[in-house]
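Step one of this worksheet: look at the structure below.
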Amino acid sequence: MAQTSDLIDLKMPAKPEYVGVVRLTISGIANRIGYSYDDIEDIKIAVAEACTNVVSHAYDETVQDPVMTITCGVFEDKLEITVADHGGDIDVNSFKKGKGPVKMDRPIEELKEGGLGLFLIETLMDKVEIYGDSGVMIVMTKFLQRGEVGQNDNGISTQHPKQ
Amino acid sequence: MAQTSDLIDLKMPAKPEYVGVVRLTISGIANRIGYSYDDIEDIKIAVAEACTNVVSHAYDETVQDPVMTITCGVFEDKLEITVADHGGDIDVNSFKKGKGPVKMDRPIEELKEGGLGLFLIETLMDKVEIYGDSGVMIVMTKFLQRGEVGQNDNGISTQHPKQ
Amino acid sequence: MNLNVNIQENNNETVVFLDGEVDVYTASILKEKLNPLAEGTNQSIVVDLAKVNYIDSTGLGVFIGVLKAVDKKGSNLKISGANPRVKRLFEITGLNEVMDVEEDQRKEV
Amino acid sequence: MNLNVNIQENNNETVVFLDGEVDVYTASILKEKLNPLAEGTNQSIVVDLAKVNYIDSTGLGVFIGVLKAVDKKGSNLKISGANPRVKRLFEITGLNEVMDVEEDQRKEV
Ligand SMILES: Nc1ncnc2c1ncn2[C@@H]1O[C@H](COP(=O)(O)OP(=O)(O)O)[C@@H](O)[C@H]1O
Ligand SMILES: Nc1ncnc2c1ncn2[C@@H]1O[C@H](COP(=O)(O)OP(=O)(O)O)[C@@H](O)[C@H]1O
């Protein structure tokens, strides 16, 4: 694919049963662009985490038709995926509290069952920005390494040759 | 899924490489709703045919960012999928000429390589409407038979138990 | 969502193994590979669809094009190994009436 | 995109075989099936992930919940058979430090 920038727009009900549909769409796009199997899996998880947050946190029960929008910018060297909701004004700085891996120095009874979503997104993607205005908007970027090694500074993505 | 009507909206560049992405999304949705394997395949082909027509016929080369939109209405008893383009005013009645299966009473050299797309759409879906205005809009419906037999009068869809 | 094309030439039979999906994206790849084969005279071309899980009218159109080309050259085209879903498309469109589509060994599920 | 849960009880070990994807949609199914198991005392619960090809934080959260519940009852939770991708998520999140995640026999690809 030679074009510099294609745009794909997806709008869905913010319901648990559609998060898997988003994963399928995203994996199709990433496959087309030529990401490795491992990168595709990383992107799928990150996008699913963002959608899961919309489904779980963005709307209160009174909202009639809760919606999530997924926008996918396809560039020469990267995929830029935005997940957004219209859950209303929100302070995204508060999200950062308690984000991180499980703390093993605590007793088991104090483990939290949540709080891993944003941590995974930031770990699996190369660049992540979060905005809050009329809802949360999270912009996630994964760079495409065409047969190259490196560029990935989080030390997690394995470097496989791209198909 | 208990809701009566969910709406999914997909907007993509009208390029060959994205038709497979649409197929993935649609098969994900149909799978969620509980269509049989055969019905999912029918729906995938019909939607791909409609998208292929947008890619192949809707826009002339001068159009900068050719777009196809796929809208998917999820109802209790059916899936209603609309594929639309903005290729401009068009007479959809002309599409109907020559539509149909291959005519075997003709010599091979007279066979046409095209013209099977709309025929397949009408054969594989339960209800098809085509509109032309600022482009072509094709509305395709597939009914969901929850464990029932019948309802399908084209005699083609096999009747498998729904998973 | 991709298509691999693998060509094996025996004496006077060429077998083309397809693996993947034949749609508007991959059809051009397929055409490029099949066209040179259709140039020869008195050839026997077999297209093996055993690993094709998706085909639509664009793919069928490619085969019609090849059929017309080989027909002119006195060559022969045969479609083999299609799964029931794929075969059904040849039937619905009437293509199995003008093209040699091999009976499948596998049972309809 | 679905999840099948199959529970096999031996003497004092219960093995839960999962097949499919564990996400925000299927996690509730999983919770429903696991919660009753976590009620017993001095049990040994093994969750087999050999056929799980996708899991995310919602799924991991379910296991944290179960771990907390069984810990209270003096029971034991073990995760087995996870493929390298799935196992990697337990590692990234540090869950493998608090939970018994079995070493995998299969080689990293
Ligand atoms: N789209 C969103 N709308 C509202 N709040 C959100 C959204 N996304 C994340 N949050 C907030 O950020 C917190 C951390 O999210 P996350 O790390 O994914 O963990 P979890 O979802 O398990 O709580 C959530 O608990 C929630 O309060
Ligand atoms: N979206 C569209 N925009 C413009 N013309 C269209 C569109 N869809 C179909 N057509 C017209 O209808 C004809 C028949 O379409 P179809 O049965 O799919 O066969 P084919 O695409 O192989 O020609 C096309 O050749 C084209 O002229």
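Here, A, B, ... name the chains of the structure tokens in the order displayed, residue numbers run from 1 inside each chain, and ligands are numbered from 1 in the same displayed order.
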**Q.** Contacts to ligand 2 at 9 Å cut-off (only C-alpha atoms and all ligand atoms) as an MDAnalysis selection string
**A.** (chainID B and resid 49:59 83:88 90:92 94:100 112:121 132 135:138) or (chainID C and resid 57:58 61)
Q.
Can you pull out every residue from range 7-58 of chain D that DSSP, working from the backbone, puts in helix (DSSP H, G or I), and format the result as a list in words?
A.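 Answer for range 7-58 of chain D, restricted to helix (DSSP H, G or I): Ala27, Ser28, Ile29, Leu30, Lys31, Glu32, Lys33, Leu34, Asn35, Pro36, Leu37, Ala38, Glu39, Ser57 and Thr58 of chain D.
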Please write the residues from the selection above to a file, keeping C-alpha atoms, as a tab-separated table (two decimals), in the first residue's frame.
```
chain	number	residue	atom	x	y	z
D	27	ALA	CA	-15.52	-12.50	31.51
D	28	SER	CA	-18.96	-12.55	33.11
D	29	ILE	CA	-19.52	-16.11	31.87
D	30	LEU	CA	-16.18	-17.09	33.34
D	31	LYS	CA	-16.83	-15.42	36.68
D	32	GLU	CA	-20.15	-17.21	37.03
D	33	LYS	CA	-18.46	-20.56	36.52
D	34	LEU	CA	-15.43	-19.91	38.72
D	35	ASN	CA	-17.11	-18.26	41.70
D	36	PRO	CA	-18.82	-21.43	43.02
D	37	LEU	CA	-15.50	-23.31	42.78
D	38	ALA	CA	-13.77	-20.67	44.87
D	39	GLU	CA	-16.28	-21.23	47.69
D	57	SER	CA	-7.05	-7.04	31.56
D	58	THR	CA	-10.67	-8.02	32.13
```
Proximity check chain D to ligand 1, 12 Å, nearest pairs one decimal Å, only C-alpha atoms and all ligand atoms, as a Markdown table:
```
| residue | atom | partner | partner_atom_place_in_ligand_line | distance |
| --- | --- | --- | --- | --- |
| D:Val24 | CA | ligand 1 | 21 (O) | 10.3 |
| D:Asp56 | CA | ligand 1 | 22 (O) | 10.4 |
| D:Ser57 | CA | ligand 1 | 22 (O) | 6.9 |
| D:Thr58 | CA | ligand 1 | 22 (O) | 7.0 |
| D:Gly59 | CA | ligand 1 | 22 (O) | 10.3 |
| D:Leu60 | CA | ligand 1 | 22 (O) | 9.8 |
| D:Gly61 | CA | ligand 1 | 22 (O) | 7.6 |
| D:Val62 | CA | ligand 1 | 22 (O) | 10.7 |
| D:Ile64 | CA | ligand 1 | 22 (O) | 11.6 |
| D:Thr93 | CA | ligand 1 | 17 (O) | 11.6 |
```
The selected residues should be written to file as an mmCIF file, in the first residue's frame (atoms: N, CA, C and O atoms).
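Writing the result to part-v1.cif gives the following:
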```cif
data_model
loop_
_atom_site.group_PDB
_atom_site.id
_atom_site.type_symbol
_atom_site.label_atom_id
_atom_site.label_comp_id
_atom_site.auth_asym_id
_atom_site.auth_seq_id
_atom_site.Cartn_x
_atom_site.Cartn_y
_atom_site.Cartn_z
ATOM 1 N N VAL D 24 -14.108 -8.570 27.891
ATOM 2 C CA VAL D 24 -15.159 -7.949 28.688
ATOM 3 C C VAL D 24 -16.519 -8.624 28.463
ATOM 4 O O VAL D 24 -17.390 -8.598 29.323
ATOM 5 N N ASP D 56 -7.321 -10.291 27.971
ATOM 6 C CA ASP D 56 -6.888 -8.931 28.276
ATOM 7 C C ASP D 56 -7.128 -8.627 29.746
ATOM 8 O O ASP D 56 -7.377 -9.548 30.539
ATOM 9 N N SER D 57 -7.044 -7.372 30.134
ATOM 10 C CA SER D 57 -7.053 -7.040 31.563
ATOM 11 C C SER D 57 -8.338 -7.483 32.254
ATOM 12 O O SER D 57 -8.334 -7.778 33.453
ATOM 13 N N THR D 58 -9.427 -7.550 31.509
ATOM 14 C CA THR D 58 -10.670 -8.016 32.126
ATOM 15 C C THR D 58 -10.533 -9.464 32.560
ATOM 16 O O THR D 58 -10.965 -9.842 33.652
ATOM 17 N N GLY D 59 -9.912 -10.265 31.693
ATOM 18 C CA GLY D 59 -9.686 -11.667 32.026
ATOM 19 C C GLY D 59 -8.720 -11.814 33.185
ATOM 20 O O GLY D 59 -8.951 -12.596 34.121
ATOM 21 N N LEU D 60 -7.639 -11.043 33.146
ATOM 22 C CA LEU D 60 -6.663 -11.085 34.244
ATOM 23 C C LEU D 60 -7.340 -10.692 35.555
ATOM 24 O O LEU D 60 -7.085 -11.288 36.600
ATOM 25 N N GLY D 61 -8.229 -9.708 35.475
ATOM 26 C CA GLY D 61 -8.956 -9.265 36.663
ATOM 27 C C GLY D 61 -9.801 -10.377 37.263
ATOM 28 O O GLY D 61 -9.905 -10.493 38.493
ATOM 29 N N VAL D 62 -10.383 -11.201 36.416
ATOM 30 C CA VAL D 62 -11.174 -12.329 36.914
ATOM 31 C C VAL D 62 -10.294 -13.265 37.731
ATOM 32 O O VAL D 62 -10.666 -13.704 38.816
ATOM 33 N N ILE D 64 -7.498 -12.526 39.255
ATOM 34 C CA ILE D 64 -7.123 -11.873 40.518
ATOM 35 C C ILE D 64 -8.250 -12.039 41.538
ATOM 36 O O ILE D 64 -8.013 -12.373 42.702
ATOM 37 N N THR D 93 2.188 -7.782 33.518
ATOM 38 C CA THR D 93 1.382 -7.196 34.592
ATOM 39 C C THR D 93 1.887 -7.586 35.977
ATOM 40 O O THR D 93 1.340 -7.135 36.982
#
```
Q | Pick from A:Thr71, A:Ser134, A:Thr62, A:Ser36 nearest to chain B, counting only C-alpha atoms | A | A:Thr71
Check range 61-155 of chain B with DSSP on the backbone and list each residue it calls strand (DSSP E or B), as a short mmCIF file (atom, residue, chain, number, x, y, z; two decimals) with all heavy atoms, in the first residue's frame.
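Dumped everything to out.cif:
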```
data_model
loop_
_atom_site.label_atom_id
_atom_site.label_comp_id
_atom_site.auth_asym_id
_atom_site.auth_seq_id
_atom_site.Cartn_x
_atom_site.Cartn_y
_atom_site.Cartn_z
N VAL B 67 -14.68 7.06 -0.92
CA VAL B 67 -15.08 6.47 0.36
C VAL B 67 -16.23 5.50 0.18
O VAL B 67 -17.08 5.67 -0.68
CB VAL B 67 -15.50 7.61 1.34
CG1 VAL B 67 -16.38 7.08 2.45
CG2 VAL B 67 -14.26 8.28 1.93
N MET B 68 -16.25 4.43 0.99
CA MET B 68 -17.44 3.59 1.06
C MET B 68 -17.92 3.55 2.49
O MET B 68 -17.11 3.52 3.42
CB MET B 68 -17.16 2.18 0.52
CG MET B 68 -16.00 1.44 1.14
SD MET B 68 -15.71 -0.13 0.24
CE MET B 68 -14.18 -0.69 1.01
N THR B 69 -19.22 3.59 2.67
CA THR B 69 -19.76 3.51 4.03
C THR B 69 -20.62 2.26 4.16
O THR B 69 -21.41 1.95 3.27
CB THR B 69 -20.62 4.73 4.40
OG1 THR B 69 -21.71 4.80 3.48
CG2 THR B 69 -19.83 6.02 4.31
N ILE B 70 -20.40 1.56 5.25
CA ILE B 70 -21.17 0.35 5.51
C ILE B 70 -21.91 0.57 6.82
O ILE B 70 -21.31 0.86 7.85
CB ILE B 70 -20.23 -0.88 5.62
CG1 ILE B 70 -19.50 -1.11 4.30
CG2 ILE B 70 -21.02 -2.13 5.99
CD1 ILE B 70 -18.15 -0.46 4.21
N THR B 71 -23.23 0.46 6.76
CA THR B 71 -24.04 0.63 7.96
C THR B 71 -24.74 -0.68 8.25
O THR B 71 -25.27 -1.32 7.35
CB THR B 71 -25.09 1.73 7.75
OG1 THR B 71 -24.44 2.87 7.21
CG2 THR B 71 -25.76 2.10 9.05
N CYS B 72 -24.73 -1.06 9.51
CA CYS B 72 -25.22 -2.37 9.86
C CYS B 72 -26.26 -2.23 10.95
O CYS B 72 -25.94 -1.81 12.06
CB CYS B 72 -24.02 -3.18 10.33
SG CYS B 72 -24.27 -4.88 10.29
N GLY B 73 -27.50 -2.54 10.64
CA GLY B 73 -28.56 -2.49 11.63
C GLY B 73 -28.81 -3.89 12.18
O GLY B 73 -29.14 -4.81 11.44
N VAL B 74 -28.64 -4.00 13.50
CA VAL B 74 -28.81 -5.31 14.15
C VAL B 74 -30.18 -5.35 14.80
O VAL B 74 -30.44 -4.61 15.74
CB VAL B 74 -27.73 -5.53 15.23
CG1 VAL B 74 -27.97 -6.83 15.96
CG2 VAL B 74 -26.35 -5.47 14.63
N PHE B 75 -31.07 -6.18 14.29
CA PHE B 75 -32.40 -6.30 14.85
C PHE B 75 -32.56 -7.68 15.50
O PHE B 75 -31.76 -8.59 15.27
CB PHE B 75 -33.46 -6.12 13.77
CG PHE B 75 -33.44 -4.75 13.15
CD1 PHE B 75 -32.59 -4.46 12.08
CD2 PHE B 75 -34.25 -3.74 13.64
CE1 PHE B 75 -32.56 -3.20 11.51
CE2 PHE B 75 -34.22 -2.47 13.07
CZ PHE B 75 -33.38 -2.20 12.00
N LYS B 78 -33.17 -9.92 12.33
CA LYS B 78 -32.53 -9.72 11.03
C LYS B 78 -31.32 -8.79 11.14
O LYS B 78 -31.15 -8.07 12.12
CB LYS B 78 -33.53 -9.13 10.02
CG LYS B 78 -33.96 -7.73 10.40
CD LYS B 78 -34.99 -7.15 9.42
CE LYS B 78 -35.39 -5.75 9.88
NZ LYS B 78 -36.45 -5.16 9.08
N LEU B 79 -30.52 -8.84 10.11
CA LEU B 79 -29.38 -7.94 9.95
C LEU B 79 -29.65 -7.16 8.67
O LEU B 79 -29.98 -7.74 7.65
CB LEU B 79 -28.12 -8.79 9.81
CG LEU B 79 -26.74 -8.19 10.04
CD1 LEU B 79 -26.65 -7.49 11.38
CD2 LEU B 79 -25.69 -9.32 9.99
N GLU B 80 -29.55 -5.82 8.79
CA GLU B 80 -29.82 -4.99 7.60
C GLU B 80 -28.55 -4.20 7.31
O GLU B 80 -28.16 -3.34 8.09
CB GLU B 80 -30.99 -4.06 7.90
CG GLU B 80 -31.59 -3.42 6.67
CD GLU B 80 -32.70 -2.44 7.06
OE1 GLU B 80 -33.82 -2.92 7.30
OE2 GLU B 80 -32.42 -1.24 7.14
N ILE B 81 -27.92 -4.51 6.20
CA ILE B 81 -26.63 -3.91 5.89
C ILE B 81 -26.75 -3.00 4.67
O ILE B 81 -27.27 -3.41 3.63
CB ILE B 81 -25.57 -4.99 5.63
CG1 ILE B 81 -25.48 -5.92 6.85
CG2 ILE B 81 -24.20 -4.36 5.35
CD1 ILE B 81 -24.77 -7.21 6.58
N THR B 82 -26.30 -1.76 4.83
CA THR B 82 -26.35 -0.80 3.74
C THR B 82 -24.93 -0.45 3.30
O THR B 82 -24.10 -0.09 4.12
CB THR B 82 -27.06 0.50 4.21
OG1 THR B 82 -28.35 0.14 4.72
CG2 THR B 82 -27.21 1.48 3.07
N VAL B 83 -24.67 -0.59 2.02
CA VAL B 83 -23.39 -0.16 1.47
C VAL B 83 -23.65 1.03 0.55
O VAL B 83 -24.51 0.95 -0.33
CB VAL B 83 -22.69 -1.30 0.69
CG1 VAL B 83 -21.43 -0.81 0.01
CG2 VAL B 83 -22.38 -2.46 1.63
N ALA B 84 -22.95 2.12 0.78
CA ALA B 84 -23.23 3.33 0.01
C ALA B 84 -21.95 4.01 -0.44
O ALA B 84 -20.90 3.87 0.17
CB ALA B 84 -24.07 4.30 0.85
N ASP B 85 -22.06 4.73 -1.54
CA ASP B 85 -20.94 5.54 -2.01
C ASP B 85 -21.44 6.93 -2.35
O ASP B 85 -22.64 7.20 -2.29
CB ASP B 85 -20.25 4.88 -3.22
CG ASP B 85 -21.20 4.72 -4.41
OD1 ASP B 85 -21.66 5.75 -4.96
OD2 ASP B 85 -21.48 3.57 -4.80
N LYS B 127 -33.45 -10.04 1.10
CA LYS B 127 -34.15 -8.87 0.59
C LYS B 127 -33.08 -7.86 0.15
O LYS B 127 -32.13 -7.62 0.89
CB LYS B 127 -34.99 -8.27 1.71
CG LYS B 127 -36.07 -7.29 1.26
CD LYS B 127 -36.91 -6.88 2.46
CE LYS B 127 -37.19 -5.39 2.43
NZ LYS B 127 -37.71 -4.92 3.72
N VAL B 128 -33.23 -7.30 -1.03
CA VAL B 128 -32.24 -6.35 -1.54
C VAL B 128 -32.94 -5.16 -2.18
O VAL B 128 -33.84 -5.33 -3.01
CB VAL B 128 -31.30 -7.02 -2.58
CG1 VAL B 128 -30.31 -6.02 -3.14
CG2 VAL B 128 -30.58 -8.21 -1.97
N GLU B 129 -32.54 -3.96 -1.77
CA GLU B 129 -33.06 -2.75 -2.42
C GLU B 129 -31.89 -1.89 -2.88
O GLU B 129 -30.90 -1.75 -2.16
CB GLU B 129 -33.90 -1.94 -1.43
CG GLU B 129 -35.24 -2.59 -1.12
CD GLU B 129 -35.83 -2.09 0.19
OE1 GLU B 129 -35.05 -1.98 1.17
OE2 GLU B 129 -37.03 -1.80 0.22
N ILE B 130 -32.01 -1.34 -4.08
CA ILE B 130 -30.94 -0.50 -4.61
C ILE B 130 -31.48 0.90 -4.90
O ILE B 130 -32.52 1.05 -5.54
CB ILE B 130 -30.34 -1.09 -5.90
CG1 ILE B 130 -29.91 -2.54 -5.67
CG2 ILE B 130 -29.16 -0.27 -6.38
CD1 ILE B 130 -29.29 -3.21 -6.87
N TYR B 131 -30.79 1.91 -4.40
CA TYR B 131 -31.19 3.29 -4.66
C TYR B 131 -30.02 4.03 -5.29
O TYR B 131 -28.86 3.76 -4.99
CB TYR B 131 -31.56 3.99 -3.36
CG TYR B 131 -32.62 3.27 -2.55
CD1 TYR B 131 -32.25 2.38 -1.54
CD2 TYR B 131 -33.97 3.47 -2.80
CE1 TYR B 131 -33.20 1.71 -0.79
CE2 TYR B 131 -34.93 2.80 -2.07
CZ TYR B 131 -34.55 1.93 -1.06
OH TYR B 131 -35.50 1.27 -0.34
N GLY B 132 -30.33 4.97 -6.16
CA GLY B 132 -29.28 5.81 -6.72
C GLY B 132 -29.67 7.26 -6.52
O GLY B 132 -30.79 7.65 -6.82
N VAL B 136 -24.65 5.22 -5.26
CA VAL B 136 -25.46 4.02 -5.15
C VAL B 136 -25.58 3.64 -3.67
O VAL B 136 -24.63 3.77 -2.91
CB VAL B 136 -24.83 2.84 -5.93
CG1 VAL B 136 -25.59 1.56 -5.69
CG2 VAL B 136 -24.78 3.17 -7.41
N MET B 137 -26.78 3.23 -3.30
CA MET B 137 -27.00 2.74 -1.94
C MET B 137 -27.72 1.42 -2.07
O MET B 137 -28.78 1.34 -2.69
CB MET B 137 -27.85 3.75 -1.17
CG MET B 137 -28.04 3.39 0.27
SD MET B 137 -28.79 4.76 1.18
CE MET B 137 -30.42 4.10 1.43
N ILE B 138 -27.12 0.39 -1.52
CA ILE B 138 -27.73 -0.93 -1.63
C ILE B 138 -28.02 -1.45 -0.22
O ILE B 138 -27.16 -1.45 0.65
CB ILE B 138 -26.85 -1.87 -2.48
CG1 ILE B 138 -27.41 -3.27 -2.54
CG2 ILE B 138 -25.40 -1.90 -2.01
CD1 ILE B 138 -26.86 -4.05 -3.74
N VAL B 139 -29.28 -1.80 0.01
CA VAL B 139 -29.72 -2.24 1.34
C VAL B 139 -30.03 -3.73 1.30
O VAL B 139 -30.91 -4.16 0.56
CB VAL B 139 -30.98 -1.45 1.80
CG1 VAL B 139 -31.32 -1.81 3.25
CG2 VAL B 139 -30.77 0.04 1.65
N MET B 140 -29.28 -4.49 2.10
CA MET B 140 -29.40 -5.94 2.05
C MET B 140 -29.85 -6.48 3.40
O MET B 140 -29.31 -6.11 4.43
CB MET B 140 -28.02 -6.54 1.73
CG MET B 140 -27.45 -6.07 0.42
SD MET B 140 -25.69 -6.52 0.24
CE MET B 140 -24.93 -5.15 1.11
N THR B 141 -30.83 -7.36 3.37
CA THR B 141 -31.34 -7.92 4.62
C THR B 141 -31.17 -9.43 4.65
O THR B 141 -31.42 -10.11 3.66
CB THR B 141 -32.85 -7.60 4.78
OG1 THR B 141 -33.02 -6.18 4.67
CG2 THR B 141 -33.37 -8.07 6.13
N LYS B 142 -30.72 -9.93 5.79
CA LYS B 142 -30.69 -11.39 6.02
C LYS B 142 -31.45 -11.66 7.29
O LYS B 142 -31.16 -11.08 8.34
CB LYS B 142 -29.24 -11.86 6.16
CG LYS B 142 -29.08 -13.36 6.18
CD LYS B 142 -28.96 -13.93 4.79
CE LYS B 142 -28.61 -15.41 4.77
NZ LYS B 142 -28.58 -15.90 3.37
N PHE B 143 -32.46 -12.51 7.21
CA PHE B 143 -33.23 -12.83 8.40
C PHE B 143 -32.52 -13.87 9.25
O PHE B 143 -31.78 -14.70 8.74
CB PHE B 143 -34.63 -13.33 8.01
CG PHE B 143 -35.47 -12.24 7.43
CD1 PHE B 143 -35.70 -12.17 6.07
CD2 PHE B 143 -36.00 -11.25 8.25
CE1 PHE B 143 -36.46 -11.14 5.52
CE2 PHE B 143 -36.76 -10.22 7.71
CZ PHE B 143 -36.99 -10.17 6.35
#
```
Should the cut-off be 12 Å, what would the residue list for chain C against chain A look like, counting only C-alpha atoms, as a JSON list (two decimals) with N, CA, C and O atoms, in the first residue's frame?
```json
[["chain", "number", "residue", "atom", "x", "y", "z"],
["C", 1, "MET", "N", -6.50, -13.03, 4.63],
["C", 1, "MET", "CA", -7.01, -12.06, 3.65],
["C", 1, "MET", "C", -6.07, -11.95, 2.45],
["C", 1, "MET", "O", -6.26, -11.10, 1.61],
["C", 2, "ASN", "N", -5.08, -12.81, 2.42],
["C", 2, "ASN", "CA", -4.13, -12.75, 1.32],
["C", 2, "ASN", "C", -4.24, -14.01, 0.48],
["C", 2, "ASN", "O", -4.98, -14.92, 0.80],
["C", 25, "TYR", "N", -9.03, -7.65, -4.10],
["C", 25, "TYR", "CA", -7.64, -7.29, -3.80],
["C", 25, "TYR", "C", -6.66, -8.30, -4.37],
["C", 25, "TYR", "O", -5.66, -7.94, -4.99],
["C", 26, "THR", "N", -6.95, -9.58, -4.18],
["C", 26, "THR", "CA", -6.00, -10.61, -4.59],
["C", 26, "THR", "C", -6.18, -11.05, -6.05],
["C", 26, "THR", "O", -5.31, -11.72, -6.60]]
```
Q.
Could you work out which residues of chain B fall inside 6 Å of chain A? Count only C-alpha atoms, and format the result as a PyMOL selection string.
A. chain B and resi 8-12+21+25+28
(Q) To one decimal place in Å, what is the distance between CA of Val19 in chain B and CA of Lys44 in chain B? (A)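 Atom-to-atom, CA of Val19 in chain B and CA of Lys44 in chain B are spaced 10.1 Å apart.
Picture a line from CA of Met99 in chain D to CA of Ile79 in chain D; it runs 7.7 Å.
With only C-alpha atoms as the atoms that count, the residue of D:Gln8, D:Tyr54, D:Asp48, D:Val98 with the shortest distance to Lys68 in chain D is D:Val98.
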